[in-house]
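Beneath this line is the structure, given in C-alpha cells, with notes to follow.
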Amino acid sequence: MKLAIIGATGHINYVFSGLRQLPEVKLAAVAVGSAGETMDKVIQTAQKESHSPAVYEDYLKLLDEVEPDIVAVACYFHDHARITAEALRRGIHVFVEKPIATTLEDLAMLREVYAAAEGKGVHLAAMFGIRYQPAFLTAWHAVCDGAVGEVRLLQAQKSYRLGRRGEHFTKRDTYGGTIPWVGSHAIDWVRWYSGQRFETVYATHSTLFNEEHGELELTAQCQFTMSGEIGASVSIDYLRPNEAPSHGDDRIRIAGTAGVLEVRDQQVLLINGRHNGVQELPLVPKGEIFADFVQQIKGEGRCLVSAEDSFYVTEACLRALRSADEKQVVRFE
C-alpha cells in the first residue's frame, strides 16, 4: 500500500508510530499542503525511520502522479477540508488532522464529498489519537464494563503550554480557533464516554493575555447538554506553565449512578460500590491509531475513531465556537 503525507503541522507522529507496525505500507511521497509550510522535519523523520519518499512541491501533482492508497493530511488547519476533499474525490483513504474543517460550510462540503466516496469503500478518520493512550483507553473499557453505572455528568480538561506559536496560529482564518484545535480532543471524550448526542452548547473564549498571539484564544469553556439529560463541561487553556513537567495536562471526570472515574496524570482512579476507597486501575497497553486505521482499510479490524465520529465531533466544536463568538446558546439540529 502506498502512503503520502501532505503537510507537516499536525500530529504526523501518529503516522510514523503506526508505520513501524505496518511493513506492507510504503511512505511513497510527501508534499506541503499550505503556503508557508516546510516539510523538513517530516523528511528528516522519514529518513531516520528508513523511508525514502519522493518530495513534491504541489500536492495535487503528488495525488495524480503517485496515486497513493492512503493520504495523511496535516497542514495548516483551514486547509484540511479542501485537501481531504481532493483525496476523497480520487478514491483515496484519508487520515486527517483534527479539526477536519474550520467552518460549518467546509464541513458540509466535506460531508457531501465523503458520502459519495464512502459508497465506493473509501475510509476516513480524524487524528483523535488520545483515545489510544493507555489511561484514556483503560477508562473507556471501564465505563463500557459498567464501572460507573449510567453516565450522568462529565468534566473534561485540556491545558497546554503556550510557548511561541507559528504565524498561522495568530489568525482565525488559518487557525480556526482554540475550541476546535485544542478543545476537540476533550469534546471527543465527552461524546465517546457518554455515547450520547449533543443538544445545546453555551461557550465562552478570550484572547486576553495571549502574549501577542493575535487572534488566538488563550482560554475557553464549553457547557453542553446532551441526550439523556446528561451535562458535560469542557475547560480549555494555554495556561500551563513552561516549568510544568509535560506539555499538556489532560483530564476527565466521569460521574455515574454507580461510581466516579477520573483520568489524571496518566492514571485512572475509580470509586464505586464494588470496592472500598479509591482504586487505581491497571492500564491497558497503548494503541496505535494509524495502524488501526490501516487494518480497517484492509478489512481486518475497526478503528476506534469512525468517519461519523470525525464529522460529528468537528460539528460540535464549530457550534461551540459559534456560541462563544455570538455569546448565546447554540442548538444542534
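Ordered as shown in the C-alpha cells, chains take letters A, B, and onward, while each chain numbers its residues from 1 and ligands are numbered from 1 in the order shown.
Near A:Leu261, within 9 Å and counting only C-alpha atoms, sit A:Ala139, A:Ala142, A:Val143, A:Ala147, A:Val148, A:Ile252, A:Arg253, A:Ile254, A:Ala255, A:Gly256, A:Val268, A:Leu269, A:Leu270, A:Ile271, A:Asn272, not including residues fewer than 5 positions from it in the same chain.
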Export N, CA and C atoms of the chosen residues as a PDB file, in the first residue's frame?
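Output contents, as saved in result.pdb:
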ATOM      1  N   ALA A 139      -9.878   3.809  30.775  1.00  0.00           N
ATOM      2  CA  ALA A 139     -11.111   4.403  31.293  1.00  0.00           C
ATOM      3  C   ALA A 139     -12.304   4.045  30.424  1.00  0.00           C
ATOM      4  N   ALA A 142     -13.412   0.592  31.157  1.00  0.00           N
ATOM      5  CA  ALA A 142     -14.075   0.538  32.468  1.00  0.00           C
ATOM      6  C   ALA A 142     -15.500   1.065  32.393  1.00  0.00           C
ATOM      7  N   VAL A 143     -15.691   2.180  31.700  1.00  0.00           N
ATOM      8  CA  VAL A 143     -17.035   2.742  31.548  1.00  0.00           C
ATOM      9  C   VAL A 143     -17.929   1.771  30.775  1.00  0.00           C
ATOM     10  N   ALA A 147     -18.457   0.327  35.162  1.00  0.00           N
ATOM     11  CA  ALA A 147     -17.777   0.699  36.402  1.00  0.00           C
ATOM     12  C   ALA A 147     -18.431   1.879  37.109  1.00  0.00           C
ATOM     13  N   VAL A 148     -19.048   2.786  36.342  1.00  0.00           N
ATOM     14  CA  VAL A 148     -19.705   3.941  36.974  1.00  0.00           C
ATOM     15  C   VAL A 148     -21.219   3.892  36.804  1.00  0.00           C
ATOM     16  N   ILE A 252     -10.201  13.972  32.672  1.00  0.00           N
ATOM     17  CA  ILE A 252     -11.653  13.877  32.574  1.00  0.00           C
ATOM     18  C   ILE A 252     -12.191  13.218  33.842  1.00  0.00           C
ATOM     19  N   ARG A 253     -13.336  13.697  34.278  1.00  0.00           N
ATOM     20  CA  ARG A 253     -14.067  13.109  35.402  1.00  0.00           C
ATOM     21  C   ARG A 253     -15.417  12.657  34.876  1.00  0.00           C
ATOM     22  N   ILE A 254     -15.749  11.407  35.138  1.00  0.00           N
ATOM     23  CA  ILE A 254     -16.998  10.828  34.661  1.00  0.00           C
ATOM     24  C   ILE A 254     -17.783  10.341  35.878  1.00  0.00           C
ATOM     25  N   ALA A 255     -18.907  10.966  36.143  1.00  0.00           N
ATOM     26  CA  ALA A 255     -19.732  10.609  37.298  1.00  0.00           C
ATOM     27  C   ALA A 255     -20.972   9.872  36.805  1.00  0.00           C
ATOM     28  N   GLY A 256     -21.239   8.734  37.431  1.00  0.00           N
ATOM     29  CA  GLY A 256     -22.390   7.937  37.038  1.00  0.00           C
ATOM     30  C   GLY A 256     -23.199   7.483  38.226  1.00  0.00           C
ATOM     31  N   VAL A 268      -5.784   6.200  36.127  1.00  0.00           N
ATOM     32  CA  VAL A 268      -7.235   6.041  36.109  1.00  0.00           C
ATOM     33  C   VAL A 268      -7.671   5.679  37.519  1.00  0.00           C
ATOM     34  N   LEU A 269      -8.428   6.572  38.147  1.00  0.00           N
ATOM     35  CA  LEU A 269      -8.843   6.399  39.539  1.00  0.00           C
ATOM     36  C   LEU A 269     -10.348   6.205  39.589  1.00  0.00           C
ATOM     37  N   LEU A 270     -10.778   5.180  40.309  1.00  0.00           N
ATOM     38  CA  LEU A 270     -12.188   4.798  40.334  1.00  0.00           C
ATOM     39  C   LEU A 270     -12.674   4.628  41.762  1.00  0.00           C
ATOM     40  N   ILE A 271     -13.843   5.197  42.040  1.00  0.00           N
ATOM     41  CA  ILE A 271     -14.556   4.951  43.288  1.00  0.00           C
ATOM     42  C   ILE A 271     -15.932   4.430  42.924  1.00  0.00           C
ATOM     43  N   ASN A 272     -16.282   3.239  43.395  1.00  0.00           N
ATOM     44  CA  ASN A 272     -17.641   2.712  43.185  1.00  0.00           C
ATOM     45  C   ASN A 272     -17.985   1.741  44.302  1.00  0.00           C
TER      46      ASN A 272
END
For A:Arg165, work out the shell of residues within 9 Å, counting only C-alpha atoms and skipping chain neighbours fewer than 4 positions away, then give it as number ranges by chain.
A: 169-170, 213
Output for the residues just chosen: N, CA, C and O atoms as an mmCIF file, in the first residue's frame:
data_model
loop_
_atom_site.group_PDB
_atom_site.id
_atom_site.type_symbol
_atom_site.label_atom_id
_atom_site.label_comp_id
_atom_site.auth_asym_id
_atom_site.auth_seq_id
_atom_site.Cartn_x
_atom_site.Cartn_y
_atom_site.Cartn_z
ATOM 1 N N PHE A 169 -1.177 30.424 13.763
ATOM 2 C CA PHE A 169 -1.974 30.359 14.988
ATOM 3 C C PHE A 169 -2.560 31.721 15.352
ATOM 4 O O PHE A 169 -3.490 31.791 16.153
ATOM 5 N N THR A 170 -2.036 32.789 14.820
ATOM 6 C CA THR A 170 -2.427 34.133 15.250
ATOM 7 C C THR A 170 -3.617 34.700 14.480
ATOM 8 O O THR A 170 -4.083 35.782 14.806
ATOM 9 N N HIS A 213 -0.156 36.824 20.537
ATOM 10 C CA HIS A 213 -0.510 35.796 19.558
ATOM 11 C C HIS A 213 -1.770 36.167 18.776
ATOM 12 O O HIS A 213 -2.526 35.294 18.344
#
Top pick for closest residue to A:Val151, considering A:Glu229, A:Glu199, A:Glu215, A:Asp79 and counting only C-alpha atoms:
A:Glu229
Considering only C-alpha atoms, tabulate each residue of stretch 76-187 of chain A that lies at most 8 Å from stretch 9-29 of chain A along with its nearest interatomic pair and the corresponding distance in Å to one decimal; arrange the rows by chain and ascending residue number and present them as a tab-separated table.
residue	atom	partner	partner_atom	distance
A:Tyr76	CA	A:Thr9	CA	6.2
A:Glu97	CA	A:Gly10	CA	6.0
A:Met127	CA	A:His11	CA	7.4
A:Gly129	CA	A:Tyr14	CA	7.4
Using only C-alpha atoms for the distances, tell me which of A:Lys327, A:Lys298, A:Lys171, A:Arg90 is nearest to A:Tyr114.
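When distances to A:Tyr114 are compared using only C-alpha atoms, the smallest one comes from A:Arg90.
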For A:Arg161: contacts at 9 Å, only C-alpha atoms, fewer than 2 positions along chain excluded, given as a VMD selection string
chain A and resid 159 163 237 to 242 244 246 to 248
Mind dumping a table of every stretch 207-306 of chain A residue within 10 Å of stretch 315-321 of chain A, with the nearest atom pair and its distance in Å to one decimal, using only C-alpha atoms, sorted by chain and rising number, as a tab-separated table?
residue	atom	partner	partner_atom	distance
A:Ala220	CA	A:Leu321	CA	9.4
A:Gln221	CA	A:Ala320	CA	9.2
A:Cys222	CA	A:Ala320	CA	6.7
A:Gln223	CA	A:Ala320	CA	8.7
A:Phe224	CA	A:Ala320	CA	8.7
Using only C-alpha atoms: which of A:Ser306, A:Ser184, A:Thr178, A:Gln296 has the shortest distance to A:Leu218
A:Thr178
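DSSP, applied to the backbone of this structure, assigns strand (DSSP E) to the following residues of stretch 115-204 of chain A: Leu124, Ala125, Ala126, Val151, Arg152, Leu153, Leu154, Gln155, Ala156, Gln157, Lys158, Ser159, Tyr160, Phe198, Glu199, Thr200, Val201, Tyr202, Ala203 and Thr204 of chain A.
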If you keep C-alpha atoms, can you produce a file of those selected residues as a JSON list (two decimals), in the first residue's frame?
[["chain", "number", "residue", "atom", "x", "y", "z"],
["A", 124, "LEU", "CA", -11.70, 8.45, 6.71],
["A", 125, "ALA", "CA", -10.61, 9.04, 10.30],
["A", 126, "ALA", "CA", -9.56, 12.16, 12.19],
["A", 151, "VAL", "CA", -23.06, 8.16, 32.95],
["A", 152, "ARG", "CA", -24.70, 11.37, 34.16],
["A", 153, "LEU", "CA", -22.01, 14.08, 34.22],
["A", 154, "LEU", "CA", -18.66, 14.65, 32.51],
["A", 155, "GLN", "CA", -15.99, 17.29, 33.13],
["A", 156, "ALA", "CA", -13.02, 17.38, 30.75],
["A", 157, "GLN", "CA", -9.85, 19.50, 30.69],
["A", 158, "LYS", "CA", -7.23, 20.34, 28.07],
["A", 159, "SER", "CA", -4.37, 22.54, 29.28],
["A", 160, "TYR", "CA", -1.28, 23.29, 27.17],
["A", 198, "PHE", "CA", -25.17, 16.90, 21.69],
["A", 199, "GLU", "CA", -28.31, 19.02, 22.09],
["A", 200, "THR", "CA", -27.12, 22.52, 23.10],
["A", 201, "VAL", "CA", -23.90, 24.34, 23.89],
["A", 202, "TYR", "CA", -23.01, 27.61, 25.56],
["A", 203, "ALA", "CA", -19.35, 28.55, 25.25],
["A", 204, "THR", "CA", -17.03, 31.45, 26.04]]
Quick check for you: according to DSSP on this backbone, which residues of stretch 102-332 of chain A are classed as alpha helix (DSSP H)? Reply as a PyMOL selection string.
chain A and resi 104-118+134-144+172-175+178-181+183-194+289-297+307-326
Counting only C-alpha atoms, the residue among A:Ile92, A:Leu162, A:Arg172, A:Arg264 that lies closest to A:Glu243 is A:Leu162
Can you work out which one of A:Met39, A:Val71, A:Val32, A:Val260 has the shortest atom-to-atom distance to A:Lys2, counting only C-alpha atoms?
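Ranked by minimum distance to A:Lys2, first place goes to A:Val71.
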Do you know which residues are at most 10 Å from A:Arg191 counting only C-alpha atoms, after dropping those on the same chain fewer than 4 positions away, and could you put them as a ChimeraX atom specification?
/A:154,186-187,195-198,226,232,309,312-313,316
Neighbours of A:Asp106 within 10 Å (only C-alpha atoms; same-chain residues fewer than 4 positions away dropped), as JSON, numbers by chain?
{"A": [78, 79, 80, 81, 82, 85, 100, 101, 102, 110, 111, 112]}
Keeping only all heavy atoms, take the residues you just selected and write them out as a CSV table (one decimal), in the first residue's frame.
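Resulting contents of again.csv:
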chain,number,residue,atom,x,y,z
A,78,HIS,N,-7.0,25.4,8.3
A,78,HIS,CA,-8.0,25.8,7.4
A,78,HIS,C,-8.0,25.1,6.1
A,78,HIS,O,-8.9,25.2,5.3
A,78,HIS,CB,-7.9,27.3,7.2
A,78,HIS,CG,-6.7,27.8,6.4
A,78,HIS,ND1,-5.4,27.5,6.8
A,78,HIS,CD2,-6.6,28.4,5.2
A,78,HIS,CE1,-4.6,28.0,5.9
A,78,HIS,NE2,-5.2,28.5,4.9
A,79,ASP,N,-6.9,24.4,5.8
A,79,ASP,CA,-6.7,23.7,4.5
A,79,ASP,C,-7.1,22.2,4.6
A,79,ASP,O,-7.1,21.5,3.6
A,79,ASP,CB,-5.3,23.8,4.0
A,79,ASP,CG,-5.0,25.2,3.4
A,79,ASP,OD1,-5.9,25.8,2.8
A,79,ASP,OD2,-3.8,25.6,3.5
A,80,HIS,N,-7.4,21.7,5.8
A,80,HIS,CA,-7.7,20.3,6.0
A,80,HIS,C,-8.9,19.9,5.1
A,80,HIS,O,-8.8,18.8,4.4
A,80,HIS,CB,-8.1,20.0,7.4
A,80,HIS,CG,-7.0,20.1,8.4
A,80,HIS,ND1,-7.2,20.1,9.8
A,80,HIS,CD2,-5.6,20.2,8.2
A,80,HIS,CE1,-6.0,20.2,10.4
A,80,HIS,NE2,-5.1,20.2,9.5
A,81,ALA,N,-10.0,20.6,5.1
A,81,ALA,CA,-11.2,20.2,4.3
A,81,ALA,C,-10.9,20.1,2.8
A,81,ALA,O,-11.3,19.2,2.2
A,81,ALA,CB,-12.3,21.1,4.7
A,82,ARG,N,-10.2,21.2,2.3
A,82,ARG,CA,-10.0,21.3,0.9
A,82,ARG,C,-9.1,20.1,0.4
A,82,ARG,O,-9.4,19.5,-0.6
A,82,ARG,CB,-9.4,22.6,0.6
A,82,ARG,CG,-8.9,22.8,-0.9
A,82,ARG,CD,-8.4,24.2,-1.1
A,82,ARG,NE,-7.4,24.6,-0.2
A,82,ARG,CZ,-6.1,24.3,-0.4
A,82,ARG,NH1,-5.7,23.5,-1.4
A,82,ARG,NH2,-5.2,24.7,0.4
A,85,ALA,N,-10.9,16.7,0.7
A,85,ALA,CA,-11.9,16.5,-0.4
A,85,ALA,C,-11.2,16.1,-1.7
A,85,ALA,O,-11.7,15.2,-2.4
A,85,ALA,CB,-12.7,17.8,-0.6
A,100,ILE,N,-11.3,18.5,11.1
A,100,ILE,CA,-11.3,18.2,9.7
A,100,ILE,C,-11.8,19.3,8.9
A,100,ILE,O,-11.6,19.3,7.6
A,100,ILE,CB,-12.0,16.9,9.4
A,100,ILE,CG1,-13.5,17.0,9.7
A,100,ILE,CG2,-11.4,15.7,10.2
A,100,ILE,CD1,-14.3,15.8,9.3
A,101,ALA,N,-12.4,20.3,9.5
A,101,ALA,CA,-12.8,21.6,8.8
A,101,ALA,C,-12.9,22.7,9.9
A,101,ALA,O,-13.1,22.4,11.1
A,101,ALA,CB,-14.2,21.4,8.2
A,102,THR,N,-12.7,23.9,9.4
A,102,THR,CA,-12.7,25.0,10.4
A,102,THR,C,-13.9,25.9,10.2
A,102,THR,O,-14.1,26.9,11.0
A,102,THR,CB,-11.4,25.9,10.2
A,102,THR,OG1,-11.3,26.3,8.9
A,102,THR,CG2,-10.2,25.1,10.6
A,110,LEU,N,-17.5,18.8,2.9
A,110,LEU,CA,-16.7,17.6,3.0
A,110,LEU,C,-17.6,16.4,3.3
A,110,LEU,O,-17.3,15.3,2.8
A,110,LEU,CB,-15.7,17.8,4.2
A,110,LEU,CG,-14.6,16.7,4.3
A,110,LEU,CD1,-13.8,16.7,3.0
A,110,LEU,CD2,-13.7,17.1,5.5
A,111,ARG,N,-18.7,16.6,4.1
A,111,ARG,CA,-19.6,15.5,4.3
A,111,ARG,C,-20.2,15.0,2.9
A,111,ARG,O,-20.3,13.8,2.7
A,111,ARG,CB,-20.8,16.0,5.1
A,111,ARG,CG,-20.6,16.0,6.6
A,111,ARG,CD,-21.9,16.3,7.3
A,111,ARG,NE,-21.8,16.4,8.8
A,111,ARG,CZ,-21.9,15.4,9.6
A,111,ARG,NH1,-22.1,14.2,9.1
A,111,ARG,NH2,-21.8,15.5,10.9
A,112,GLU,N,-20.5,15.9,2.1
A,112,GLU,CA,-21.1,15.6,0.8
A,112,GLU,C,-20.1,14.8,-0.1
A,112,GLU,O,-20.4,13.8,-0.7
A,112,GLU,CB,-21.5,16.8,0.0
A,112,GLU,CG,-22.2,16.6,-1.3
A,112,GLU,CD,-22.7,17.8,-2.0
A,112,GLU,OE1,-22.8,18.9,-1.3
A,112,GLU,OE2,-23.1,17.8,-3.2
Between atom CA of A:Asn210 and atom CA of A:Asp325, distance in Å (one decimal):
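That distance, rounded to one decimal, is 17.3 Å.
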Which residue out of A:Leu60, A:Phe311, A:Phe136, A:Gly33 has the minimum interatomic distance to A:Leu107 when only C-alpha atoms are used?
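Of all the options, A:Phe311 lies closest to A:Leu107.
Between atom CA of A:Ala291 and atom CA of A:Pro53 the interatomic distance comes to 19.0 Å.
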